[in-house]
Amino acid sequence: MTRSRFFPFLFLAVIPFATAFGEDFSPVTTRNTVFLIDGKPVVSDEFLLFEETLFPGEGSGGTRSPAHLADTFINNRLLAAKATAEGMDLLPEVRSRLESRLNPLWVEPYWDEVVRPTVHVGEDELRALIPELEETVTLRLLVAPDRDRAEALRKRALSGDDFTELVRRHSTGLSAGNGGLLGPLERGNGLLEPPLSEELFRTPPGSLTRVMETRIGFAVALVLHRKSREEMRDEGLARNRAMLVRKRETAAWKARKETLVASHTIVVEEGIEGAVREAGTGVPLPAALLSRPGFHMDGVPFLLQDLLDPSGIGILHGGNVLRTAIRKRAEEFAIARDAAGKGMRERHPEIVARETILRENLLTREYLRLRGKGLDASGPELRRYFEANRSRFVAPKALDLSFIETKSPRRAERIYTRLAAGVPFAEVAEEESDNREAKGGRVGFVEENRLAAELEAIKRLKVGEYAPAPLRVRSADTGEELLVIPRLNGVRERRPLRFEEVDRHLLLQAVVARKREALAREIFEDLRNSHRVEITPEFRNLARSDDVPGEKRQRGTDR
């Protein structure tokens, strides 16, 4: 059984495939049906969409077997139906989560189908934006102080010498550093004197001009390419078309969203912005604050959890972000409602299917989370878990370290001179180290496996030794390079932890996780006992193809 990196709670609740289907197996021959749940067919397209939606990027040959995926699919469907029957989808926190996750599915198709087709740009208005343009030339220019020098360099270029290199080495012009590259320059550009301009526009692309006398010296140019007035106009039209289309699309999208949102009732929770500001920025969010609604839309609550911290990381981003998040969720809500009113649900069954998969998964997670909310563990339970899993509770090898830090190579030399003269490391650290917060440079014990790669040399030191040369480390705060001189003060070897030394919170989490697993298994076993599941030969074919490494599965009936 494989742990899901996306849904760490669900993987605990999967019932073995053989147990789930072994006794109820009844071969069904409905074409393209992989299994039936209470007589309702699940076709291969839906099953494969489930895998793509919840486990993206794994595809054929992934770590999850077809049996595991099938169990997760069936568990989600059965438990989501139970959660809906019990009205769990109407709970404020669950409703908020469902709206926040499902409404965004309709934003892109709504834009493509409803808004984008309304944006038009006429050729006449485009042409009105484009002034009359002159033809242009792009060239490399070589300048010499006298004609003889210019002619000699021109002959070398005609003989095969690289013109760009000749310019870089011998030109006295200001553009010599980049090989004399100029342009595109319009005919009549002030940089081009009339005789030189005429010569450039007469010379075919890829050819050298004759030597011309100019106010900056004697010049010879390699014409790279020219563009006619018509080509310049076409390019200008293309540029302006793209610019104007983008501008009008942005305006149309903004206007449509404003109109849609205005047709709904938004009520921002009183005092919520002040509460968010009071909580601070970039700090873990208090659970009590997260569970409060940020706003209601047509009476539907949107909790702060789903506005400011949908990933569950626990970082707050501030009041301005709250307003932006409220606006975004409001737009998604309004778009999803209008999409349904315009019949898009009927025209896009593939989005409805994806929405169903996400909804079932969310309801399953929420049901299990709420059922397991009050689980706890007693002291004796924690000790029993510790005794049964002693090998997991180990203090890794740790090194007692002191550091002297500096940004100056010269000061590093002085530090080594003083250390070689016998001045105690702590005294040098106090007087020379840029980091004065650590008294005597003392860092304390650092787990060996947590040392940064740049500090690996520390592992080769003996107790009482300091590094013979400074280690170069990038500062995590500023990105500046630091010269670090470490000293190994002592070593604490790897050892088993005593019960009293183990973090009680980690123990509690582990024991409660096991209880949740047992509860989830019980819930799913009860569901499986009260519903009928039938698998088909089609599923067996799908499972066999999944086991072939690298074989690509096609969706649909023709495989």
# chains A, B, ... in the order shown; residues from 1 in each chain; ligands from 1
call {"tool": "select_by_dssp", "arguments": {"residues": "range 442-538 of chain A", "states": "alpha helix (DSSP H)", "output": "list in words"}}
result
Arg504, His505, Leu506, Leu507, Leu508, Gln509, Ala510, Val511, Val512, Ala513, Arg514, Lys515, Arg516, Glu517, Ala518, Leu519, Ala520, Arg521, Glu522, Ile523, Phe524, Glu525, Asp526, Leu527, Arg528, Asn529, Pro537 and Glu538 of chain A
call {"tool": "residues_around", "arguments": {"residues": "Pro184 in chain A", "least_positions_apart": "3", "cutoff": "8 Å", "atoms": "only C-alpha atoms", "output": "NGL selection string"}}
result
:A and (136-139)
call {"tool": "residues_around", "arguments": {"residues": "Leu527 in chain A", "least_positions_apart": "4", "cutoff": "12 Å", "atoms": "only C-alpha atoms", "output": "list in words"}}
result
Ala13, Ile15, Ala20, Ile37, Asp38, Ile74, Asn75, Asn76, Arg77, Leu78, Leu79, Ala80, Ala81, Lys82, Ala83, Ala520, Arg521, Glu522, Ile523, His531, Arg532 and Val533 of chain A
call {"tool": "write_last_selection", "arguments": {"atoms": "N, CA, C and O atoms", "output": "tab-separated table (two decimals), in the first residue's frame"}}
result
chain	number	residue	atom	x	y	z
A	13	ALA	N	-7.00	4.53	4.90
A	13	ALA	CA	-8.32	3.93	4.94
A	13	ALA	C	-8.59	2.96	3.80
A	13	ALA	O	-9.69	2.49	3.64
A	15	ILE	N	-9.00	-0.31	1.84
A	15	ILE	CA	-9.19	-1.73	2.14
A	15	ILE	C	-8.54	-2.53	1.04
A	15	ILE	O	-8.66	-2.19	-0.13
A	20	ALA	N	-12.06	-6.40	-0.72
A	20	ALA	CA	-13.19	-5.59	-1.14
A	20	ALA	C	-14.00	-6.25	-2.23
A	20	ALA	O	-15.22	-6.16	-2.25
A	37	ILE	N	-21.03	0.28	-8.94
A	37	ILE	CA	-21.28	0.53	-7.52
A	37	ILE	C	-22.78	0.61	-7.35
A	37	ILE	O	-23.43	1.52	-7.88
A	38	ASP	N	-23.35	-0.40	-6.64
A	38	ASP	CA	-24.80	-0.50	-6.49
A	38	ASP	C	-25.50	-0.43	-7.84
A	38	ASP	O	-26.52	0.24	-8.01
A	74	ILE	N	-13.64	4.07	-4.98
A	74	ILE	CA	-14.88	3.55	-4.42
A	74	ILE	C	-15.11	4.09	-3.01
A	74	ILE	O	-16.23	4.48	-2.65
A	75	ASN	N	-14.06	4.14	-2.20
A	75	ASN	CA	-14.19	4.70	-0.85
A	75	ASN	C	-14.69	6.14	-0.91
A	75	ASN	O	-15.56	6.55	-0.15
A	76	ASN	N	-14.09	6.94	-1.82
A	76	ASN	CA	-14.51	8.33	-1.96
A	76	ASN	C	-15.98	8.44	-2.35
A	76	ASN	O	-16.73	9.24	-1.80
A	77	ARG	N	-16.39	7.63	-3.32
A	77	ARG	CA	-17.77	7.73	-3.82
A	77	ARG	C	-18.77	7.34	-2.73
A	77	ARG	O	-19.79	8.02	-2.54
A	78	LEU	N	-18.50	6.25	-2.04
A	78	LEU	CA	-19.44	5.78	-1.02
A	78	LEU	C	-19.50	6.75	0.16
A	78	LEU	O	-20.59	7.08	0.65
A	79	LEU	N	-18.33	7.21	0.63
A	79	LEU	CA	-18.32	8.06	1.81
A	79	LEU	C	-18.85	9.46	1.48
A	79	LEU	O	-19.49	10.10	2.32
A	80	ALA	N	-18.59	9.94	0.27
A	80	ALA	CA	-19.12	11.25	-0.13
A	80	ALA	C	-20.64	11.22	-0.16
A	80	ALA	O	-21.31	12.18	0.25
A	81	ALA	N	-21.21	10.11	-0.64
A	81	ALA	CA	-22.67	9.97	-0.66
A	81	ALA	C	-23.22	9.96	0.77
A	81	ALA	O	-24.25	10.57	1.06
A	82	LYS	N	-22.52	9.29	1.67
A	82	LYS	CA	-22.94	9.24	3.07
A	82	LYS	C	-22.85	10.64	3.70
A	82	LYS	O	-23.76	11.07	4.42
A	83	ALA	N	-21.75	11.35	3.41
A	83	ALA	CA	-21.57	12.69	3.96
A	83	ALA	C	-22.68	13.62	3.47
A	83	ALA	O	-23.22	14.43	4.23
A	520	ALA	N	-11.06	5.11	10.33
A	520	ALA	CA	-11.34	5.15	8.89
A	520	ALA	C	-11.60	3.76	8.34
A	520	ALA	O	-12.52	3.55	7.54
A	521	ARG	N	-10.82	2.79	8.77
A	521	ARG	CA	-11.04	1.41	8.31
A	521	ARG	C	-12.42	0.91	8.72
A	521	ARG	O	-13.12	0.27	7.94
A	522	GLU	N	-12.79	1.23	9.93
A	522	GLU	CA	-14.10	0.81	10.43
A	522	GLU	C	-15.21	1.44	9.59
A	522	GLU	O	-16.18	0.77	9.21
A	523	ILE	N	-15.06	2.75	9.29
A	523	ILE	CA	-16.07	3.44	8.49
A	523	ILE	C	-16.19	2.82	7.10
A	523	ILE	O	-17.30	2.53	6.61
A	531	HIS	N	-23.00	-1.96	0.67
A	531	HIS	CA	-23.10	-1.64	-0.75
A	531	HIS	C	-22.51	-2.78	-1.58
A	531	HIS	O	-21.67	-3.54	-1.10
A	532	ARG	N	-22.96	-2.85	-2.82
A	532	ARG	CA	-22.48	-3.91	-3.70
A	532	ARG	C	-21.54	-3.33	-4.76
A	532	ARG	O	-21.88	-2.37	-5.43
A	533	VAL	N	-20.38	-3.95	-4.88
A	533	VAL	CA	-19.39	-3.54	-5.88
A	533	VAL	C	-19.11	-4.71	-6.80
A	533	VAL	O	-18.87	-5.83	-6.33
call {"tool": "closest_residue", "arguments": {"among": "A:Ala467, A:Leu69, A:Leu133, A:Ala144", "to": "Phe55 in chain A", "atoms": "only C-alpha atoms"}}
result
A:Leu69
call {"tool": "residues_around", "arguments": {"residues": "Val223 in chain A", "least_positions_apart": "6", "cutoff": "8 Å", "atoms": "only C-alpha atoms", "output": "list in words"}}
result
Val137, Thr138, Leu139, Arg140, Leu200, Thr203, Pro204, Pro205, Gly206, Ser207, Leu208 and Thr209 of chain A
call {"tool": "residues_around", "arguments": {"residues": "Pro349 in chain A", "least_positions_apart": "6", "cutoff": "12 Å", "atoms": "only C-alpha atoms", "output": "PyMOL selection string"}}
result
chain A and resi 45-46+106+340+343+355-356
call {"tool": "atom_distance", "arguments": {"atom1": "CA of Ser391 in chain A", "atom2": "CA of Ala513 in chain A"}}
result
18.5 Å
call {"tool": "residues_around", "arguments": {"residues": "Ala453 in chain A", "least_positions_apart": "5", "cutoff": "12 Å", "atoms": "only C-alpha atoms", "output": "MDAnalysis selection string"}}
result
chainID A and resid 448 458:459 471:474
